file run-v4.cif (mmCIF, C-alpha atoms)
data_coords
loop_
_atom_site.label_atom_id
_atom_site.label_comp_id
_atom_site.auth_asym_id
_atom_site.auth_seq_id
_atom_site.Cartn_x
_atom_site.Cartn_y
_atom_site.Cartn_z
CA MET A 1 -8.46 10.05 -24.51
CA ASP A 2 -8.30 8.52 -21.08
CA VAL A 3 -5.27 9.39 -18.98
CA TYR A 4 -4.51 5.75 -18.20
CA ILE A 5 -3.94 2.88 -20.56
CA GLU A 6 -6.87 0.48 -20.08
CA SER A 7 -5.06 -2.39 -18.36
CA ILE A 8 -3.12 -0.01 -16.12
CA GLY A 9 -6.32 1.82 -15.18
CA LYS A 10 -7.94 -1.48 -14.22
CA LEU A 11 -4.94 -2.50 -12.11
CA ILE A 12 -4.94 0.85 -10.30
CA ASN A 13 -8.63 0.38 -9.62
CA GLU A 14 -8.03 -3.08 -8.15
CA LEU A 15 -5.16 -1.84 -5.98
CA THR A 16 -7.40 0.79 -4.36
CA LYS A 17 -9.29 -2.15 -2.80
CA LEU A 18 -6.38 -2.53 -0.38
CA PRO A 19 -7.03 -0.69 2.90
CA GLY A 20 -5.93 2.96 2.95
CA VAL A 21 -4.79 2.89 -0.67
CA GLY A 22 -5.95 5.85 -2.75
CA LYS A 23 -5.49 6.53 -6.44
CA LYS A 24 -2.00 8.01 -6.06
CA THR A 25 -0.61 5.16 -3.99
CA ALA A 26 -2.28 2.62 -6.28
CA GLN A 27 -0.57 4.29 -9.22
CA ARG A 28 2.83 3.99 -7.54
CA TYR A 29 2.18 0.32 -6.80
CA ALA A 30 1.02 -0.29 -10.38
CA TYR A 31 4.17 1.25 -11.86
CA THR A 32 6.32 -0.81 -9.52
CA LEU A 33 4.56 -3.98 -10.64
CA ILE A 34 4.93 -3.01 -14.31
CA ASN A 35 8.65 -2.50 -13.84
CA MET A 36 9.14 -5.76 -11.93
CA PRO A 37 10.71 -8.65 -13.84
CA GLU A 38 8.14 -11.15 -15.15
CA LYS A 39 9.35 -13.88 -12.78
CA GLU A 40 9.09 -11.70 -9.68
CA VAL A 41 5.53 -10.76 -10.60
CA GLN A 42 4.71 -14.44 -10.92
CA VAL A 43 6.08 -15.08 -7.42
CA PHE A 44 4.11 -12.06 -6.13
CA VAL A 45 0.86 -13.26 -7.68
CA ASN A 46 1.41 -16.86 -6.58
CA SER A 47 1.88 -15.76 -2.98
CA ILE A 48 -1.62 -14.25 -3.11
CA LEU A 49 -3.20 -17.29 -4.79
CA ASN A 50 -1.36 -19.61 -2.43
CA VAL A 51 -2.75 -17.90 0.66
CA LYS A 52 -6.27 -18.09 -0.75
CA LYS A 53 -5.80 -21.79 -1.48
CA LYS A 54 -4.14 -22.83 1.78
CA VAL A 55 -5.40 -20.59 4.54
CA LYS A 56 -8.63 -21.52 6.30
CA TYR A 57 -10.12 -21.13 9.76
CA CYS A 58 -9.06 -23.41 12.63
CA SER A 59 -12.04 -25.62 13.50
CA VAL A 60 -11.39 -25.02 17.20
CA CYS A 61 -10.44 -21.38 17.66
CA GLY A 62 -11.39 -19.78 14.34
CA ASN A 63 -7.92 -18.33 13.76
CA PHE A 64 -6.14 -18.66 10.40
CA THR A 65 -4.37 -21.95 9.78
CA GLU A 66 -3.21 -24.19 6.94
CA GLU A 67 -4.33 -27.29 8.86
CA ASP A 68 -7.67 -28.41 10.32
CA ILE A 69 -6.59 -27.41 13.81
CA CYS A 70 -4.03 -24.63 14.14
CA GLN A 71 -0.57 -25.08 15.65
CA ILE A 72 -1.54 -23.00 18.69
CA CYS A 73 -4.58 -25.14 19.51
CA GLN A 74 -2.53 -28.30 18.93
CA LYS A 75 0.39 -27.45 21.15
CA ARG A 76 -0.50 -24.94 23.82
CA ASP A 77 -2.26 -24.71 27.16
CA ARG A 78 -5.98 -25.00 26.49
CA LYS A 79 -6.83 -23.97 30.03
CA ILE A 80 -6.39 -20.29 29.25
CA ILE A 81 -8.42 -18.85 26.38
CA CYS A 82 -7.92 -15.35 25.04
CA VAL A 83 -11.03 -14.12 23.23
CA VAL A 84 -10.36 -11.68 20.37
CA LYS A 85 -12.36 -10.04 17.64
CA ASP A 86 -10.11 -10.79 14.65
CA PRO A 87 -7.17 -13.01 13.68
CA LYS A 88 -5.02 -9.88 13.58
CA ASP A 89 -5.69 -9.28 17.26
CA ALA A 90 -4.49 -12.81 18.04
CA LEU A 91 -1.40 -12.00 16.00
CA ALA A 92 -0.74 -8.90 18.10
CA PHE A 93 -0.67 -11.06 21.24
CA GLU A 94 1.50 -13.71 19.54
CA LYS A 95 4.10 -11.06 18.81
CA LEU A 96 4.47 -10.44 22.54
CA LYS A 97 5.67 -14.06 22.85
CA ASP A 98 4.33 -14.03 26.40
CA PHE A 99 0.95 -15.72 26.17
CA LYS A 100 1.04 -19.50 26.59
CA GLY A 101 -2.68 -20.19 26.22
CA VAL A 102 -4.95 -20.53 23.20
CA TYR A 103 -7.28 -18.14 21.38
CA HIS A 104 -10.90 -17.87 20.45
CA VAL A 105 -11.56 -15.63 17.46
CA LEU A 106 -15.08 -14.20 17.46
CA HIS A 107 -14.87 -12.86 13.91
CA GLY A 108 -16.66 -9.70 14.90
CA VAL A 109 -18.29 -8.05 17.89
CA ILE A 110 -21.90 -7.44 18.82
CA ASN A 111 -23.05 -4.32 16.99
CA PRO A 112 -26.82 -3.70 16.98
CA MET A 113 -26.38 -0.64 14.71
CA GLU A 114 -25.00 -2.91 11.99
CA GLY A 115 -27.39 -5.72 12.82
CA ILE A 116 -24.72 -8.00 14.28
CA GLY A 117 -26.14 -9.97 17.22
CA PRO A 118 -24.62 -12.61 19.52
CA ASN A 119 -25.57 -15.35 17.06
CA ASP A 120 -23.63 -13.72 14.23
CA ILE A 121 -20.27 -14.09 15.93
CA ARG A 122 -18.60 -17.24 17.31
CA ILE A 123 -20.04 -17.08 20.85
CA ARG A 124 -21.85 -20.42 20.52
CA GLU A 125 -18.56 -22.11 19.60
CA LEU A 126 -16.91 -20.48 22.63
CA LEU A 127 -19.59 -21.87 24.97
CA ALA A 128 -19.11 -25.34 23.50
CA ARG A 129 -15.38 -25.14 24.14
CA LEU A 130 -15.94 -24.03 27.74
CA GLN A 131 -18.30 -26.90 28.37
CA GLU A 132 -16.06 -29.54 26.78
CA ASN A 133 -12.74 -28.58 28.30
CA GLU A 134 -11.67 -27.53 31.74
CA VAL A 135 -10.88 -23.82 31.38
CA GLN A 136 -9.24 -21.84 34.18
CA GLU A 137 -9.24 -18.36 32.72
CA LEU A 138 -11.04 -16.57 29.95
CA ILE A 139 -9.36 -13.31 28.88
CA LEU A 140 -11.83 -11.06 27.08
CA ALA A 141 -9.53 -9.08 24.78
CA THR A 142 -12.02 -7.30 22.57
CA ASN A 143 -11.26 -3.66 21.73
CA PRO A 144 -11.89 -1.00 24.39
CA ASP A 145 -14.74 0.63 22.45
CA VAL A 146 -18.52 0.53 22.84
CA GLU A 147 -19.01 -2.67 20.83
CA GLY A 148 -15.96 -4.40 22.29
CA ASP A 149 -16.98 -3.58 25.84
CA ALA A 150 -20.59 -4.66 25.22
CA THR A 151 -19.46 -7.95 23.70
CA ALA A 152 -17.12 -8.65 26.62
CA LEU A 153 -19.90 -7.85 29.09
CA TYR A 154 -22.35 -10.08 27.21
CA ILE A 155 -19.95 -13.04 27.26
CA ALA A 156 -19.04 -12.48 30.92
CA LYS A 157 -22.71 -12.56 31.95
CA LEU A 158 -23.44 -15.56 29.74
CA ILE A 159 -20.77 -17.77 31.30
CA ARG A 160 -21.22 -16.63 34.89
CA PRO A 161 -22.97 -19.97 35.75
CA LEU A 162 -19.82 -21.85 34.69
CA HIS A 163 -17.75 -20.17 37.43
CA ILE A 164 -14.74 -19.58 35.22
CA LYS A 165 -12.33 -16.75 36.05
CA VAL A 166 -12.99 -13.99 33.51
CA THR A 167 -10.49 -11.17 32.99
CA ARG A 168 -10.29 -8.13 30.79
CA LEU A 169 -7.20 -6.22 29.65
CA ALA A 170 -6.11 -3.19 31.68
CA TYR A 171 -6.97 0.06 29.95
CA GLY A 172 -5.25 3.36 30.57
CA ILE A 173 -2.58 5.69 29.30
CA PRO A 174 -0.22 4.06 26.79
CA ILE A 175 3.36 3.58 28.00
CA GLY A 176 5.63 6.37 26.77
CA SER A 177 2.77 8.71 25.92
CA GLU A 178 2.18 12.16 27.37
CA ILE A 179 -0.81 13.02 29.52
CA GLU A 180 -1.15 16.33 27.70
CA TYR A 181 -1.85 14.56 24.43
CA THR A 182 -3.93 11.67 25.75
CA ASP A 183 -7.53 11.74 24.56
CA ASP A 184 -10.22 12.47 27.14
CA VAL A 185 -11.82 9.03 27.14
CA THR A 186 -8.53 7.27 27.78
CA LEU A 187 -7.51 9.74 30.44
CA LEU A 188 -10.86 9.43 32.21
CA ARG A 189 -10.61 5.64 32.16
CA ALA A 190 -7.05 5.76 33.49
CA PHE A 191 -8.21 8.13 36.23
CA ILE A 192 -11.19 6.06 37.26
CA GLU A 193 -9.20 2.81 37.24
CA ARG A 194 -6.26 4.30 39.14
CA LYS A 195 -4.43 1.92 41.46
CA VAL A 196 -2.79 2.13 44.86
CA MET A 197 0.99 2.23 44.57
CA GLU A 198 2.64 -0.51 46.55
CA MET B 199 6.73 -21.35 16.54
CA ASP B 200 6.78 -18.60 13.94
CA VAL B 201 4.30 -15.78 14.47
CA TYR B 202 2.95 -16.03 10.93
CA ILE B 203 1.50 -19.01 9.15
CA GLU B 204 3.92 -19.88 6.34
CA SER B 205 1.85 -18.82 3.33
CA ILE B 206 0.74 -15.61 5.05
CA GLY B 207 4.34 -14.82 5.99
CA LYS B 208 5.38 -15.26 2.37
CA LEU B 209 2.57 -13.04 1.12
CA ILE B 210 3.50 -10.31 3.61
CA ASN B 211 7.08 -10.57 2.43
CA GLU B 212 6.00 -10.15 -1.20
CA LEU B 213 3.78 -7.18 -0.39
CA THR B 214 6.71 -5.31 1.18
CA LYS B 215 8.16 -5.15 -2.35
CA LEU B 216 5.60 -2.43 -3.12
CA PRO B 217 7.08 1.05 -2.62
CA GLY B 218 6.74 2.46 0.88
CA VAL B 219 5.11 -0.70 2.23
CA GLY B 220 6.56 -1.93 5.52
CA LYS B 221 5.72 -5.04 7.47
CA LYS B 222 2.70 -3.52 9.23
CA THR B 223 1.06 -2.23 6.06
CA ALA B 224 1.84 -5.49 4.26
CA GLN B 225 0.10 -7.34 7.07
CA ARG B 226 -3.00 -5.18 6.69
CA TYR B 227 -3.02 -5.79 2.93
CA ALA B 228 -2.52 -9.54 3.42
CA TYR B 229 -5.47 -9.79 5.80
CA THR B 230 -7.64 -7.83 3.38
CA LEU B 231 -6.73 -10.23 0.58
CA ILE B 232 -7.40 -13.24 2.80
CA ASN B 233 -10.84 -11.89 3.64
CA MET B 234 -11.69 -11.05 0.02
CA PRO B 235 -14.08 -13.43 -1.77
CA GLU B 236 -12.26 -15.93 -4.03
CA LYS B 237 -13.66 -14.32 -7.20
CA GLU B 238 -12.52 -10.82 -6.26
CA VAL B 239 -9.01 -12.09 -5.59
CA GLN B 240 -9.01 -13.70 -9.02
CA VAL B 241 -9.96 -10.36 -10.61
CA PHE B 242 -7.27 -8.63 -8.53
CA VAL B 243 -4.57 -11.09 -9.57
CA ASN B 244 -5.67 -11.08 -13.21
CA SER B 245 -5.39 -7.30 -13.36
CA ILE B 246 -1.72 -7.65 -12.39
CA LEU B 247 -1.02 -10.45 -14.87
CA ASN B 248 -2.93 -8.62 -17.58
CA VAL B 249 -0.82 -5.51 -17.22
CA LYS B 250 2.37 -7.57 -17.42
CA LYS B 251 1.07 -9.29 -20.56
CA LYS B 252 -0.29 -6.27 -22.39
CA VAL B 253 1.77 -3.26 -21.41
CA LYS B 254 4.98 -2.58 -23.32
CA TYR B 255 6.99 0.45 -24.32
CA CYS B 256 5.92 2.61 -27.27
CA SER B 257 8.50 2.13 -30.03
CA VAL B 258 8.51 5.87 -30.66
CA CYS B 259 8.37 7.64 -27.31
CA GLY B 260 9.14 4.86 -24.82
CA ASN B 261 5.98 5.49 -22.79
CA PHE B 262 3.71 2.64 -21.71
CA THR B 263 1.26 1.37 -24.31
CA GLU B 264 -0.72 -1.71 -25.26
CA GLU B 265 0.01 -1.15 -28.96
CA ASP B 266 3.25 -0.81 -30.94
CA ILE B 267 2.91 2.93 -31.07
CA CYS B 268 1.03 4.64 -28.24
CA GLN B 269 -2.20 6.59 -28.69
CA ILE B 270 -0.43 9.86 -27.93
CA CYS B 271 2.23 9.34 -30.63
CA GLN B 272 -0.47 8.22 -33.06
CA LYS B 273 -2.83 11.12 -32.63
CA ARG B 274 -1.09 14.22 -31.36
CA ASP B 275 1.16 17.02 -32.54
CA ARG B 276 4.62 15.56 -33.06
CA LYS B 277 6.14 19.00 -33.47
CA ILE B 278 6.32 19.51 -29.72
CA ILE B 279 8.15 16.91 -27.68
CA CYS B 280 8.16 16.87 -23.89
CA VAL B 281 11.17 14.96 -22.56
CA VAL B 282 10.58 13.21 -19.23
CA LYS B 283 12.45 10.80 -17.01
CA ASP B 284 9.71 8.24 -16.38
CA PRO B 285 6.28 7.22 -17.71
CA LYS B 286 4.78 8.54 -14.47
CA ASP B 287 6.08 12.02 -15.27
CA ALA B 288 4.33 11.85 -18.65
CA LEU B 289 1.20 10.84 -16.77
CA ALA B 290 1.48 13.90 -14.53
CA PHE B 291 1.41 16.14 -17.61
CA GLU B 292 -1.43 14.17 -19.17
CA LYS B 293 -3.54 14.83 -16.10
CA LEU B 294 -3.25 18.57 -16.75
CA LYS B 295 -5.08 17.96 -20.05
CA ASP B 296 -3.26 20.98 -21.45
CA PHE B 297 -0.35 19.58 -23.41
CA LYS B 298 -1.12 18.79 -27.04
CA GLY B 299 2.30 17.48 -28.09
CA VAL B 300 4.02 14.13 -27.65
CA TYR B 301 6.48 12.72 -25.14
CA HIS B 302 9.91 11.22 -25.06
CA VAL B 303 10.56 9.03 -22.04
CA LEU B 304 14.27 8.77 -21.19
CA HIS B 305 13.81 5.94 -18.67
CA GLY B 306 16.31 7.50 -16.32
CA VAL B 307 18.63 10.46 -16.07
CA ILE B 308 22.40 10.80 -16.31
CA ASN B 309 23.86 9.88 -12.93
CA PRO B 310 27.63 9.29 -12.86
CA MET B 311 27.47 8.24 -9.18
CA GLU B 312 25.29 5.30 -10.16
CA GLY B 313 27.18 4.69 -13.38
CA ILE B 314 24.35 5.87 -15.63
CA GLY B 315 25.77 7.69 -18.67
CA PRO B 316 24.11 9.28 -21.71
CA ASN B 317 24.15 5.94 -23.54
CA ASP B 318 22.18 4.23 -20.78
CA ILE B 319 19.08 6.36 -21.26
CA ARG B 320 17.05 6.98 -24.42
CA ILE B 321 18.99 10.01 -25.71
CA ARG B 322 20.04 8.30 -28.93
CA GLU B 323 16.40 7.59 -29.74
CA LEU B 324 15.56 11.24 -29.06
CA LEU B 325 18.20 12.43 -31.50
CA ALA B 326 16.87 10.06 -34.15
CA ARG B 327 13.37 11.49 -33.68
CA LEU B 328 14.64 15.05 -33.97
CA GLN B 329 16.46 14.27 -37.19
CA GLU B 330 13.55 12.41 -38.75
CA ASN B 331 10.73 14.78 -37.93
CA GLU B 332 10.38 18.51 -38.00
CA VAL B 333 10.27 19.49 -34.34
CA GLN B 334 9.48 23.04 -33.24
CA GLU B 335 9.96 22.78 -29.53
CA LEU B 336 11.65 20.41 -27.13
CA ILE B 337 10.52 20.77 -23.53
CA LEU B 338 13.09 19.32 -21.15
CA ALA B 339 10.92 18.29 -18.22
CA THR B 340 13.36 16.30 -16.13
CA ASN B 341 13.22 16.85 -12.37
CA PRO B 342 14.75 20.03 -10.90
CA ASP B 343 17.53 18.17 -9.10
CA VAL B 344 21.24 17.73 -9.83
CA GLU B 345 20.80 14.77 -12.17
CA GLY B 346 17.71 16.19 -13.88
CA ASP B 347 19.38 19.54 -14.48
CA ALA B 348 22.57 17.89 -15.76
CA THR B 349 20.62 15.68 -18.13
CA ALA B 350 18.63 18.63 -19.48
CA LEU B 351 21.83 20.61 -19.98
CA TYR B 352 23.51 17.68 -21.72
CA ILE B 353 20.62 17.27 -24.15
CA ALA B 354 20.36 21.01 -24.77
CA LYS B 355 24.06 21.20 -25.71
CA LEU B 356 23.86 18.08 -27.82
CA ILE B 357 21.08 19.37 -30.05
CA ARG B 358 22.26 22.98 -30.31
CA PRO B 359 23.43 22.36 -33.94
CA LEU B 360 19.84 21.40 -34.88
CA HIS B 361 18.54 24.90 -33.98
CA ILE B 362 15.42 23.62 -32.26
CA LYS B 363 13.74 25.75 -29.61
CA VAL B 364 14.56 24.13 -26.27
CA THR B 365 12.63 25.04 -23.13
CA ARG B 366 12.72 23.99 -19.52
CA LEU B 367 9.92 24.16 -16.96
CA ALA B 368 9.75 27.24 -14.74
CA TYR B 369 10.95 26.52 -11.24
CA GLY B 370 10.03 28.56 -8.22
CA ILE B 371 7.73 28.70 -5.24
CA PRO B 372 4.76 26.32 -5.53
CA ILE B 373 1.39 27.99 -5.95
CA GLY B 374 -0.45 28.24 -2.63
CA SER B 375 2.67 27.70 -0.53
CA GLU B 376 4.14 30.07 2.02
CA ILE B 377 7.52 31.72 1.65
CA GLU B 378 8.22 31.05 5.32
CA TYR B 379 8.08 27.31 4.76
CA THR B 380 9.72 27.14 1.35
CA ASP B 381 13.07 25.32 1.36
CA ASP B 382 16.20 27.41 0.74
CA VAL B 383 17.06 25.93 -2.64
CA THR B 384 13.60 26.59 -4.07
CA LEU B 385 13.50 30.09 -2.60
CA LEU B 386 16.93 30.95 -3.99
CA ARG B 387 15.95 29.69 -7.42
CA ALA B 388 12.69 31.67 -7.32
CA PHE B 389 14.66 34.74 -6.26
CA ILE B 390 17.32 34.41 -8.97
CA GLU B 391 14.75 33.74 -11.67
CA ARG B 392 12.46 36.56 -10.58
CA LYS B 393 10.56 38.28 -13.39
CA VAL B 394 9.53 41.84 -14.16
CA MET B 395 5.83 42.36 -13.49
CA GLU B 396 3.97 43.65 -16.53
#
call {"tool": "encode", "arguments": {"input": "run-v4.cif", "output": "structure tokens"}}
result
Amino acid sequence: MDVYIESIGKLINELTKLPGVGKKTAQRYAYTLINMPEKEVQVFVNSILNVKKKVKYCSVCGNFTEEDICQICQKRDRKIICVVKDPKDALAFEKLKDFKGVYHVLHGVINPMEGIGPNDIRIRELLARLQENEVQELILATNPDVEGDATALYIAKLIRPLHIKVTRLAYGIPIGSEIEYTDDVTLLRAFIERKVME
Amino acid sequence: MDVYIESIGKLINELTKLPGVGKKTAQRYAYTLINMPEKEVQVFVNSILNVKKKVKYCSVCGNFTEEDICQICQKRDRKIICVVKDPKDALAFEKLKDFKGVYHVLHGVINPMEGIGPNDIRIRELLARLQENEVQELILATNPDVEGDATALYIAKLIRPLHIKVTRLAYGIPIGSEIEYTDDVTLLRAFIERKVME
């Protein structure tokens, strides 16, 4: 006799497809869903189906949107473009409520080990945007790892002929952290990129 | 402008209804669902709806089942009943693959602070089972906390006239743990209930 009832076992299996969710967590989620009132479950399920139906990629920046062109591309300063790997990175900047420009979502970074080349991410679309519109600054906000750095470097070299100001985020020790517990790579980078105090 | 697109915001909100899921985790789940192929999402959603449609409570023991009477009640030794608070507690015992009896799920424990009395949990149904069938042992496997202990005690007193053997799980220091890090209540209980070595 199997430990789980068939339909519950299947649900638990599906729930483990969520990131970081193991069997135990999936089981807790499953039991919560089973104990939810019918109507609430319907709302829960509809919210998933609704997102799949409505959300698509912005035809300009590649970020998520429910329209053809996202609200950010429609309303904000197109002269500053922040290049990110994923929609969730754009979201992280949005939460700061400080950036007034627009985004360009690459949907990945160059990663030769996984066979992802420049043509597999949205670099071509970025070039088109730079040639069509007058852009004053391009912020390359890919992650500070090997692939992110390589991708930023690749893009920077590629658009050098366009004479656009290209910037990259400052990397160093996180605010509020302790030097003692900072990993070596971060500490080294912070040390190398140290600045004169004014 | 809101940080989230409307349908994504709603989905994130729904996902926080899962136990222990905050905004950040919900966001990760939402983005995973958005990036899942349409078909996979359909399977995911159907597994939830399917559980809600098929799973009900066993008319005998109150555990989850897809039938009127669960597989455990149908096939196993009804002379030993293990009384638990929730279906997930029954599942914990099932995983041991050692218990050959049946369960009785109370769906709660007596908790005067929250207004839950003996009539609000399935004690009446337990009594009916004990009177109908010949039961040799009743294992009271409610949690070792105030409410669990009180509920076990209440049931034990209630069925004293029936002269059924009533047992409770052994409580003490968890196997593999260290005395140094064991909480006071557990250590005290283990000390009081110490046994003669044979």
call {"tool": "resolve_selection", "arguments": {"input": "run-v4.cif", "expression": "the PyMOL selection byres ((chain B and resi 275-292) around 6)", "output": "list of chain:residue names"}}
result
B:Asn261, B:Arg274, B:Lys293, B:Leu294, B:Lys295, B:Gly299, B:Val300, B:Tyr301, B:His302, B:Val303, B:Leu304, B:His305, B:Gly306, B:Val333, B:Gln334, B:Glu335, B:Leu336, B:Ile337, B:Leu338, B:Ala339, B:Thr340
call {"tool": "closest_atom_pairs", "arguments": {"input": "run-v4.cif", "of": "chain B", "to": "chain A", "cutoff": "6 Å", "atoms": "all atoms listed in the file", "output": "JSON lines"}}
result
{"residue": "B:Ser205", "atom": "CA", "partner": "A:Val51", "partner_atom": "CA", "distance": 5.4}
{"residue": "B:Leu209", "atom": "CA", "partner": "A:Ser47", "partner_atom": "CA", "distance": 5.0}
{"residue": "B:Glu212", "atom": "CA", "partner": "A:Phe44", "partner_atom": "CA", "distance": 5.6}
{"residue": "B:Leu216", "atom": "CA", "partner": "A:Tyr29", "partner_atom": "CA", "distance": 5.7}
{"residue": "B:Tyr227", "atom": "CA", "partner": "A:Leu18", "partner_atom": "CA", "distance": 5.7}
{"residue": "B:Phe242", "atom": "CA", "partner": "A:Glu14", "partner_atom": "CA", "distance": 5.6}
{"residue": "B:Ser245", "atom": "CA", "partner": "A:Leu11", "partner_atom": "CA", "distance": 5.0}
{"residue": "B:Val249", "atom": "CA", "partner": "A:Ser7", "partner_atom": "CA", "distance": 5.4}
call {"tool": "closest_residue", "arguments": {"input": "run-v4.cif", "among": "B:Ile390, B:Val344, B:Cys271, B:Ala326", "to": "B:Lys298", "atoms": "only C-alpha atoms"}}
result
B:Cys271
call {"tool": "resolve_selection", "arguments": {"input": "run-v4.cif", "expression": "the PyMOL selection byres ((chain A and resi 149) around 12)", "output": "PyMOL selection string"}}
result
chain A and resi 84-85+109-111+140-148+150-156+168-169+171
call {"tool": "write_last_selection", "arguments": {"input": "run-v4.cif", "atoms": "C-alpha atoms", "output": "PDB file, in the coordinates of the input"}}
result
ATOM      1  CA  VAL A  84     -10.360 -11.680  20.370  1.00  0.00           C
ATOM      2  CA  LYS A  85     -12.360 -10.040  17.640  1.00  0.00           C
ATOM      3  CA  VAL A 109     -18.290  -8.050  17.890  1.00  0.00           C
ATOM      4  CA  ILE A 110     -21.900  -7.440  18.820  1.00  0.00           C
ATOM      5  CA  ASN A 111     -23.050  -4.320  16.990  1.00  0.00           C
ATOM      6  CA  LEU A 140     -11.830 -11.060  27.080  1.00  0.00           C
ATOM      7  CA  ALA A 141      -9.530  -9.080  24.780  1.00  0.00           C
ATOM      8  CA  THR A 142     -12.020  -7.300  22.570  1.00  0.00           C
ATOM      9  CA  ASN A 143     -11.260  -3.660  21.730  1.00  0.00           C
ATOM     10  CA  PRO A 144     -11.890  -1.000  24.390  1.00  0.00           C
ATOM     11  CA  ASP A 145     -14.740   0.630  22.450  1.00  0.00           C
ATOM     12  CA  VAL A 146     -18.520   0.530  22.840  1.00  0.00           C
ATOM     13  CA  GLU A 147     -19.010  -2.670  20.830  1.00  0.00           C
ATOM     14  CA  GLY A 148     -15.960  -4.400  22.290  1.00  0.00           C
ATOM     15  CA  ALA A 150     -20.590  -4.660  25.220  1.00  0.00           C
ATOM     16  CA  THR A 151     -19.460  -7.950  23.700  1.00  0.00           C
ATOM     17  CA  ALA A 152     -17.120  -8.650  26.620  1.00  0.00           C
ATOM     18  CA  LEU A 153     -19.900  -7.850  29.090  1.00  0.00           C
ATOM     19  CA  TYR A 154     -22.350 -10.080  27.210  1.00  0.00           C
ATOM     20  CA  ILE A 155     -19.950 -13.040  27.260  1.00  0.00           C
ATOM     21  CA  ALA A 156     -19.040 -12.480  30.920  1.00  0.00           C
ATOM     22  CA  ARG A 168     -10.290  -8.130  30.790  1.00  0.00           C
ATOM     23  CA  LEU A 169      -7.200  -6.220  29.650  1.00  0.00           C
ATOM     24  CA  TYR A 171      -6.970   0.060  29.950  1.00  0.00           C
TER      25      TYR A 171
END
call {"tool": "atom_distance", "arguments": {"input": "run-v4.cif", "atom1": "atom CA of B:Val383", "atom2": "atom CA of B:Ile371"}}
result
10.1 Å
call {"tool": "atom_distance", "arguments": {"input": "run-v4.cif", "atom1": "atom CA of B:Cys256", "atom2": "atom CA of B:Ile362"}}
result
23.6 Å
call {"tool": "atom_distance", "arguments": {"input": "run-v4.cif", "atom1": "atom CA of B:Cys259", "atom2": "atom CA of B:Arg358"}}
result
20.9 Å
call {"tool": "resolve_selection", "arguments": {"input": "run-v4.cif", "expression": "the PyMOL selection byres ((chain A and resi 189) around 12)", "output": "ChimeraX atom specification"}}
result
/A:144-145,170-174,182-188,190-195
